[in-house]
file input.pdb (PDB, C-alpha atoms)
ATOM      1  CA  MET A 716     -23.033  10.887  22.875
ATOM      2  CA  PRO A 717     -19.912   8.837  23.587
ATOM      3  CA  GLU A 718     -18.807   8.176  27.148
ATOM      4  CA  ALA A 719     -16.040  10.354  28.567
ATOM      5  CA  GLY A 720     -12.721   9.093  27.257
ATOM      6  CA  ALA A 721     -14.322   7.021  24.483
ATOM      7  CA  ALA A 722     -13.346   7.663  20.880
ATOM      8  CA  ASP A 723     -15.843   9.596  18.769
ATOM      9  CA  THR A 724     -16.344   7.427  15.699
ATOM     10  CA  SER A 725     -18.847   9.812  14.131
ATOM     11  CA  ASP A 726     -16.017  12.010  12.756
ATOM     12  CA  SER A 727     -16.176  11.549   8.984
ATOM     13  CA  THR A 728     -12.395  11.999   8.678
ATOM     14  CA  ARG A 729     -11.756   8.855  10.725
ATOM     15  CA  GLN A 730     -11.683   5.920   8.358
ATOM     16  CA  PHE A 731     -11.499   2.205   8.766
ATOM     17  CA  LEU A 732      -8.352   0.534   7.527
ATOM     18  CA  ARG A 733      -9.256  -1.657   4.555
ATOM     19  CA  HIS A 734      -6.117  -1.899   2.422
ATOM     20  CA  VAL A 735      -2.473  -1.662   3.479
ATOM     21  CA  MET A 736       0.386  -1.413   0.991
ATOM     22  CA  VAL A 737       4.045  -1.953   1.848
ATOM     23  CA  VAL A 738       6.475  -0.594  -0.747
ATOM     24  CA  GLY A 739      10.144  -1.458  -0.587
ATOM     25  CA  GLY A 740      13.123  -3.089  -2.169
ATOM     26  CA  THR A 741      14.219  -3.793  -5.699
ATOM     27  CA  LEU A 742      13.413  -6.935  -7.638
ATOM     28  CA  ARG A 743      16.943  -8.238  -6.909
ATOM     29  CA  GLU A 744      16.389  -7.666  -3.186
ATOM     30  CA  TRP A 745      13.054  -9.449  -3.415
ATOM     31  CA  ASN A 746      14.716 -12.395  -5.110
ATOM     32  CA  ASP A 747      17.513 -12.480  -2.520
ATOM     33  CA  LEU A 748      14.955 -12.816   0.290
ATOM     34  CA  GLY A 749      14.447 -16.466  -0.690
ATOM     35  CA  GLU A 750      11.284 -18.564  -0.726
ATOM     36  CA  GLN A 751      11.297 -19.479   2.952
ATOM     37  CA  ARG A 752      11.690 -15.888   4.169
ATOM     38  CA  TRP A 753       9.068 -14.715   1.642
ATOM     39  CA  ALA A 754       6.590 -17.258   2.955
ATOM     40  CA  HIS A 755       7.265 -16.173   6.540
ATOM     41  CA  ARG A 756       6.958 -12.474   5.641
ATOM     42  CA  VAL A 757       3.652 -12.990   3.828
ATOM     43  CA  GLU A 758       2.206 -15.068   6.684
ATOM     44  CA  THR A 759       3.312 -12.623   9.382
ATOM     45  CA  LEU A 760       2.328  -9.391   7.644
ATOM     46  CA  GLY A 761      -0.950 -10.833   6.375
ATOM     47  CA  ALA A 762      -1.870 -11.872   9.914
ATOM     48  CA  ILE A 763      -0.992  -8.446  11.346
ATOM     49  CA  VAL A 764      -2.933  -6.533   8.698
ATOM     50  CA  GLY A 765      -5.887  -8.904   9.065
ATOM     51  CA  GLN A 766      -5.897  -8.448  12.846
ATOM     52  CA  ALA A 767      -5.995  -4.677  12.288
ATOM     53  CA  GLY A 768      -9.224  -5.200  10.360
ATOM     54  CA  ALA A 769      -7.922  -4.713   6.822
ATOM     55  CA  SER A 770      -9.034  -7.091   4.098
ATOM     56  CA  TYR A 771      -6.103  -6.485   1.733
ATOM     57  CA  LEU A 772      -2.332  -6.247   1.907
ATOM     58  CA  THR A 773      -0.244  -5.430  -1.141
ATOM     59  CA  LEU A 774       3.523  -5.869  -1.110
ATOM     60  CA  ARG A 775       5.088  -3.881  -3.947
ATOM     61  CA  ALA A 776       8.652  -3.295  -5.120
ATOM     62  CA  PHE A 777       9.957   0.252  -4.597
ATOM     63  CA  GLU A 778      11.556   0.178  -8.043
ATOM     64  CA  PRO A 779      12.891  -2.434 -10.478
ATOM     65  CA  GLY A 780      16.530  -1.651  -9.638
ATOM     66  CA  ASP A 781      19.623  -1.852 -11.811
ATOM     67  CA  ASP A 782      19.972  -5.638 -11.741
ATOM     68  CA  ALA A 783      16.271  -6.557 -11.956
ATOM     69  CA  VAL A 784      15.252 -10.186 -11.674
ATOM     70  CA  GLU A 785      11.995 -11.331 -13.288
ATOM     71  CA  GLN A 786       9.329 -11.773 -10.610
ATOM     72  CA  ASP A 787       5.733 -12.942 -10.947
ATOM     73  CA  TRP A 788       2.624 -11.350  -9.452
ATOM     74  CA  TRP A 789       0.992 -13.753  -6.983
ATOM     75  CA  GLU A 790      -1.543 -13.776  -4.182
ATOM     76  CA  ARG A 791      -2.445 -15.716  -1.076
ATOM     77  CA  GLN A 792      -5.218 -15.675   1.516
ATOM     78  CA  ILE A 793      -3.960 -15.340   5.110
ATOM     79  CA  GLY A 794      -6.918 -15.605   7.471
ATOM     80  CA  ASN A 795      -9.270 -12.779   6.491
ATOM     81  CA  CYS A 796      -6.564 -10.865   4.622
ATOM     82  CA  HIS A 797      -6.000 -11.203   0.882
ATOM     83  CA  VAL A 798      -2.252 -10.670   0.274
ATOM     84  CA  MET A 799      -1.062  -9.603  -3.181
ATOM     85  CA  ILE A 800       2.589  -9.615  -4.216
ATOM     86  CA  ASP A 801       3.090  -7.012  -6.940
ATOM     87  CA  PRO A 802       6.625  -6.888  -8.345
ATOM     88  CA  CYS A 803       5.925  -4.031 -10.793
ATOM     89  CA  GLY A 804       8.426  -1.369  -9.793
ATOM     90  CA  ASP A 805       7.301   1.181 -12.394
ATOM     91  CA  GLY A 806       3.979   2.862 -11.675
ATOM     92  CA  ARG A 807       3.731   4.201 -15.219
ATOM     93  CA  ASP A 808       3.908   0.651 -16.619
ATOM     94  CA  ARG A 809       1.279  -0.516 -14.120
ATOM     95  CA  PHE A 810      -1.012   2.379 -15.030
ATOM     96  CA  ALA A 811      -0.630   1.736 -18.790
ATOM     97  CA  ALA A 812      -1.371  -1.987 -18.289
ATOM     98  CA  ALA A 813      -4.474  -1.118 -16.242
ATOM     99  CA  MET A 814      -5.720   1.159 -19.014
ATOM    100  CA  ARG A 815      -5.314  -1.667 -21.537
ATOM    101  CA  ARG A 816      -7.442  -3.930 -19.296
ATOM    102  CA  LEU A 817     -10.375  -1.507 -19.250
ATOM    103  CA  ASP A 818     -13.378  -2.577 -21.286
ATOM    104  CA  PRO A 819     -13.755  -0.070 -24.145
ATOM    105  CA  ALA A 820     -17.506   0.003 -23.445
ATOM    106  CA  ASP A 821     -16.940   1.173 -19.851
ATOM    107  CA  PRO A 822     -16.409   4.811 -18.947
ATOM    108  CA  VAL A 823     -12.886   5.840 -17.940
ATOM    109  CA  ASN A 824     -13.273   7.350 -14.501
ATOM    110  CA  GLU A 825     -11.723   7.135 -11.056
ATOM    111  CA  ALA A 826     -13.710   4.024 -10.108
ATOM    112  CA  THR A 827     -12.923   2.010 -13.259
ATOM    113  CA  VAL A 828      -9.233   2.968 -13.136
ATOM    114  CA  ALA A 829      -8.979   2.030  -9.448
ATOM    115  CA  GLU A 830     -10.692  -1.294 -10.131
ATOM    116  CA  ALA A 831      -8.235  -2.073 -12.943
ATOM    117  CA  LEU A 832      -5.245  -1.104 -10.787
ATOM    118  CA  TYR A 833      -6.112  -2.896  -7.547
ATOM    119  CA  ALA A 834      -8.178  -5.972  -8.401
ATOM    120  CA  PRO A 835      -8.766  -8.301  -6.709
ATOM    121  CA  ALA A 836      -8.832  -5.635  -3.956
ATOM    122  CA  ASP A 837     -12.046  -3.637  -4.037
ATOM    123  CA  CYS A 838     -10.465  -0.437  -2.722
ATOM    124  CA  GLU A 839      -7.406   1.763  -2.997
ATOM    125  CA  PRO A 840      -4.731   1.551  -0.295
ATOM    126  CA  ASP A 841      -5.585   3.518   2.832
ATOM    127  CA  LEU A 842      -2.100   3.179   4.325
ATOM    128  CA  ILE A 843       1.137   3.006   2.344
ATOM    129  CA  LEU A 844       4.244   2.051   4.320
ATOM    130  CA  VAL A 845       7.270   3.143   2.279
ATOM    131  CA  LEU A 846      10.636   1.631   3.132
ATOM    132  CA  GLY A 847      13.132   4.406   2.529
ATOM    133  CA  GLU A 848      13.856   8.032   3.262
ATOM    134  CA  PRO A 849      10.949  10.512   3.026
ATOM    135  CA  ASN A 850      12.772  12.672   0.482
ATOM    136  CA  ARG A 851      12.259  10.154  -2.340
ATOM    137  CA  LEU A 852       8.921   8.812  -3.531
ATOM    138  CA  PRO A 853       8.854   5.331  -5.052
ATOM    139  CA  PRO A 854       8.521   5.269  -8.843
ATOM    140  CA  SER A 855       6.206   2.280  -8.333
ATOM    141  CA  LEU A 856       3.559   4.631  -6.915
ATOM    142  CA  VAL A 857       1.712   6.879  -9.309
ATOM    143  CA  TRP A 858      -2.014   6.662  -8.674
ATOM    144  CA  GLU A 859      -1.678   5.739  -4.985
ATOM    145  CA  LEU A 860      -0.088   9.038  -3.982
ATOM    146  CA  ALA A 861      -3.345  10.943  -4.362
ATOM    147  CA  TYR A 862      -5.214   9.633  -1.313
ATOM    148  CA  GLY A 863      -3.156   7.016   0.516
ATOM    149  CA  GLU A 864      -1.694   7.933   3.894
ATOM    150  CA  LEU A 865       2.092   7.623   3.645
ATOM    151  CA  VAL A 866       4.318   6.401   6.462
ATOM    152  CA  PHE A 867       8.063   6.362   5.751
ATOM    153  CA  VAL A 868      10.444   4.042   7.578
ATOM    154  CA  PRO A 869      14.153   4.435   6.720
ATOM    155  CA  LEU A 870      14.864   0.709   6.344
ATOM    156  CA  SER A 871      15.904  -1.662   3.620
ATOM    157  CA  TRP A 872      13.588  -4.408   2.360
ATOM    158  CA  ASP A 873      15.654  -6.993   4.232
ATOM    159  CA  GLU A 874      15.191  -5.132   7.548
ATOM    160  CA  LEU A 875      11.378  -4.980   7.425
ATOM    161  CA  ALA A 876       9.872  -6.585  10.524
ATOM    162  CA  ALA A 877       6.360  -7.063  11.859
ATOM    163  CA  ASP A 878       6.799  -4.242  14.400
ATOM    164  CA  HIS A 879       7.295  -1.720  11.588
ATOM    165  CA  VAL A 880       3.893  -2.584  10.130
ATOM    166  CA  VAL A 881       2.266  -2.499  13.584
ATOM    167  CA  ASP A 882       3.768   0.969  14.198
ATOM    168  CA  ALA A 883       2.591   2.231  10.794
ATOM    169  CA  ILE A 884      -0.958   1.004  11.502
ATOM    170  CA  ALA A 885      -0.868   2.762  14.888
ATOM    171  CA  ASP A 886       0.304   5.960  13.174
ATOM    172  CA  PHE A 887      -2.527   5.644  10.621
ATOM    173  CA  ALA A 888      -5.105   5.210  13.406
ATOM    174  CA  LYS A 889      -4.166   8.626  14.854
ATOM    175  CA  ARG A 890      -4.511  10.512  11.575
ATOM    176  CA  GLU A 891      -7.439  12.563  10.372
ATOM    177  CA  ARG A 892      -7.848  11.820   6.685
ATOM    178  CA  ARG A 893      -8.872  14.766   4.551
ATOM    179  CA  PHE A 894      -8.296  13.180   1.125
ATOM    180  CA  GLY A 895      -6.520  16.255  -0.192
ATOM    181  CA  GLY A 896      -8.770  18.751   1.583
ATOM    182  CA  LEU A 897      -7.656  21.376   4.072
ATOM    183  CA  ASP A 898      -8.209  21.225   7.789
ATOM    184  CA  GLU A 899     -10.734  23.770   9.086
ATOM    185  CA  THR A 900      -7.879  25.444  10.986
ATOM    186  CA  ASP A 901      -5.661  25.780   7.887
ATOM    187  CA  GLU A 902      -5.374  29.336   6.674
ATOM    188  CA  SER A 903      -6.150  30.265   3.083
ATOM    189  CA  ILE A 904      -3.111  30.862   0.925
ATOM    190  CA  GLY A 905      -3.012  33.897  -1.159
TER     191      GLY A 905
END
call {"tool": "encode", "arguments": {"input": "input.pdb", "output": "structure tokens"}}
result
Amino acid sequence: MPEAGAADTSDSTRQFLRHVMVVGGTLREWNDLGEQRWAHRVETLGAIVGQAGASYLTLRAFEPGDDAVEQDWWERQIGNCHVMIDPCGDGRDRFAAAMRRLDPADPVNEATVAEALYAPADCEPDLILVLGEPNRLPPSLVWELAYGELVFVPLSWDELAADHVVDAIADFAKRERRFGGLDETDESIG
């Protein structure tokens, strides 16, 4: 039995943070950030996510945008955190590409699809920080919306700062994840 005031970690709805995703900006906005600011952003956010105990951080464009600039997927190790930069702003394109990567001999199931979508990460995002208003979901997210915990921050890509990620992680830590299930106190509909 935990001491008085200590957190009860036996609750199965409390999960460890393994993978954080930050979704924001268009490919033009990403390009306009410049190499030096990108490097600083990756270093800072990777360090924060790693300190929170997560092994993976994915930075993903919200959408391609009207004046899209070609961007490459890349990755970097920051301490214990593997940071992936994913410019694909269309979740349907990403999903179709993942399906093409599946080995025809392997079964198509949730595990094989998730592996194709997130590799080299070995898990889906637990926390998804979306830069933008909560009344519009990013078209870059298709699969992730099923089980990731969403935190919306009404900012532009250029305004993202370390404190926003720290606050989102703190918000995540207070949540009880039900992975689509109802809380025991929720009433039945119907």
call {"tool": "resolve_selection", "arguments": {"input": "input.pdb", "expression": "the PyMOL selection byres ((chain A and resi 797-814) around 6)", "output": "MDAnalysis selection string"}}
result
chainID A and resid 771:779 788:792 796 815:817 831:832 854:857
call {"tool": "resolve_selection", "arguments": {"input": "input.pdb", "expression": "the PyMOL selection byres ((chain A and resi 844-849) around 10)", "output": "JSON, numbers by chain"}}
result
{"A": [735, 736, 737, 738, 739, 740, 774, 775, 776, 777, 842, 843, 850, 851, 852, 853, 863, 864, 865, 866, 867, 868, 869, 870, 871, 872, 874, 875, 879, 880, 882, 883, 884, 887]}
call {"tool": "residues_around", "arguments": {"input": "input.pdb", "residues": "Glu830 in chain A", "least_positions_apart": "2", "cutoff": "12 Å", "atoms": "all atoms listed in the file", "output": "ChimeraX atom specification"}}
result
/A:810,813-814,816-818,821,823-828,832-840,858
call {"tool": "write_last_selection", "arguments": {"input": "input.pdb", "atoms": "C-alpha atoms", "output": "short mmCIF file (atom, residue, chain, number, x, y, z; two decimals), keeping the file's coordinate frame"}}
result
data_model
loop_
_atom_site.label_atom_id
_atom_site.label_comp_id
_atom_site.auth_asym_id
_atom_site.auth_seq_id
_atom_site.Cartn_x
_atom_site.Cartn_y
_atom_site.Cartn_z
CA PHE A 810 -1.01 2.38 -15.03
CA ALA A 813 -4.47 -1.12 -16.24
CA MET A 814 -5.72 1.16 -19.01
CA ARG A 816 -7.44 -3.93 -19.30
CA LEU A 817 -10.38 -1.51 -19.25
CA ASP A 818 -13.38 -2.58 -21.29
CA ASP A 821 -16.94 1.17 -19.85
CA VAL A 823 -12.89 5.84 -17.94
CA ASN A 824 -13.27 7.35 -14.50
CA GLU A 825 -11.72 7.14 -11.06
CA ALA A 826 -13.71 4.02 -10.11
CA THR A 827 -12.92 2.01 -13.26
CA VAL A 828 -9.23 2.97 -13.14
CA LEU A 832 -5.24 -1.10 -10.79
CA TYR A 833 -6.11 -2.90 -7.55
CA ALA A 834 -8.18 -5.97 -8.40
CA PRO A 835 -8.77 -8.30 -6.71
CA ALA A 836 -8.83 -5.64 -3.96
CA ASP A 837 -12.05 -3.64 -4.04
CA CYS A 838 -10.46 -0.44 -2.72
CA GLU A 839 -7.41 1.76 -3.00
CA PRO A 840 -4.73 1.55 -0.30
CA TRP A 858 -2.01 6.66 -8.67
#
call {"tool": "closest_residue", "arguments": {"input": "input.pdb", "among": "A:Asp781, A:Glu750, A:Glu744, A:Asp841", "to": "Glu891 in chain A", "atoms": "all atoms listed in the file"}}
result
A:Asp841
call {"tool": "decode", "arguments": {"input": "input.pdb", "residues": "range 778-790 of chain A", "atoms": "N, CA and C atoms", "output": "PDB file, in the first residue's frame"}}
result
ATOM      1  N   GLU A 778       0.104  20.279 -41.822  1.00  0.00           N
ATOM      2  CA  GLU A 778      -0.395  20.063 -43.178  1.00  0.00           C
ATOM      3  C   GLU A 778       0.663  20.563 -44.151  1.00  0.00           C
ATOM      4  N   PRO A 779       0.582  20.160 -45.428  1.00  0.00           N
ATOM      5  CA  PRO A 779       1.580  20.643 -46.387  1.00  0.00           C
ATOM      6  C   PRO A 779       1.517  22.156 -46.576  1.00  0.00           C
ATOM      7  N   GLY A 780       0.328  22.727 -46.622  1.00  0.00           N
ATOM      8  CA  GLY A 780       0.166  24.155 -46.861  1.00  0.00           C
ATOM      9  C   GLY A 780       0.062  24.458 -48.344  1.00  0.00           C
ATOM     10  N   ASP A 781      -0.325  25.682 -48.652  1.00  0.00           N
ATOM     11  CA  ASP A 781      -0.536  26.084 -50.043  1.00  0.00           C
ATOM     12  C   ASP A 781       0.767  26.231 -50.826  1.00  0.00           C
ATOM     13  N   ASP A 782       1.806  26.695 -50.165  1.00  0.00           N
ATOM     14  CA  ASP A 782       3.079  26.965 -50.835  1.00  0.00           C
ATOM     15  C   ASP A 782       4.139  26.006 -50.286  1.00  0.00           C
ATOM     16  N   ALA A 783       3.851  24.694 -50.412  1.00  0.00           N
ATOM     17  CA  ALA A 783       4.711  23.673 -49.797  1.00  0.00           C
ATOM     18  C   ALA A 783       6.121  23.697 -50.374  1.00  0.00           C
ATOM     19  N   VAL A 784       7.062  23.479 -49.498  1.00  0.00           N
ATOM     20  CA  VAL A 784       8.479  23.386 -49.846  1.00  0.00           C
ATOM     21  C   VAL A 784       8.897  21.942 -49.561  1.00  0.00           C
ATOM     22  N   GLU A 785       9.620  21.334 -50.480  1.00  0.00           N
ATOM     23  CA  GLU A 785      10.075  19.953 -50.287  1.00  0.00           C
ATOM     24  C   GLU A 785      10.952  19.867 -49.042  1.00  0.00           C
ATOM     25  N   GLN A 786      10.613  18.939 -48.156  1.00  0.00           N
ATOM     26  CA  GLN A 786      11.371  18.707 -46.934  1.00  0.00           C
ATOM     27  C   GLN A 786      11.689  17.216 -46.855  1.00  0.00           C
ATOM     28  N   ASP A 787      12.813  16.886 -46.261  1.00  0.00           N
ATOM     29  CA  ASP A 787      13.210  15.494 -46.094  1.00  0.00           C
ATOM     30  C   ASP A 787      12.926  15.020 -44.677  1.00  0.00           C
ATOM     31  N   TRP A 788      12.611  13.734 -44.549  1.00  0.00           N
ATOM     32  CA  TRP A 788      12.483  13.076 -43.254  1.00  0.00           C
ATOM     33  C   TRP A 788      13.905  12.902 -42.724  1.00  0.00           C
ATOM     34  N   TRP A 789      14.136  13.185 -41.455  1.00  0.00           N
ATOM     35  CA  TRP A 789      15.445  12.956 -40.859  1.00  0.00           C
ATOM     36  C   TRP A 789      15.281  12.652 -39.382  1.00  0.00           C
ATOM     37  N   GLU A 790      16.360  12.198 -38.773  1.00  0.00           N
ATOM     38  CA  GLU A 790      16.322  11.819 -37.363  1.00  0.00           C
ATOM     39  C   GLU A 790      17.640  12.153 -36.693  1.00  0.00           C
TER      40      GLU A 790
END
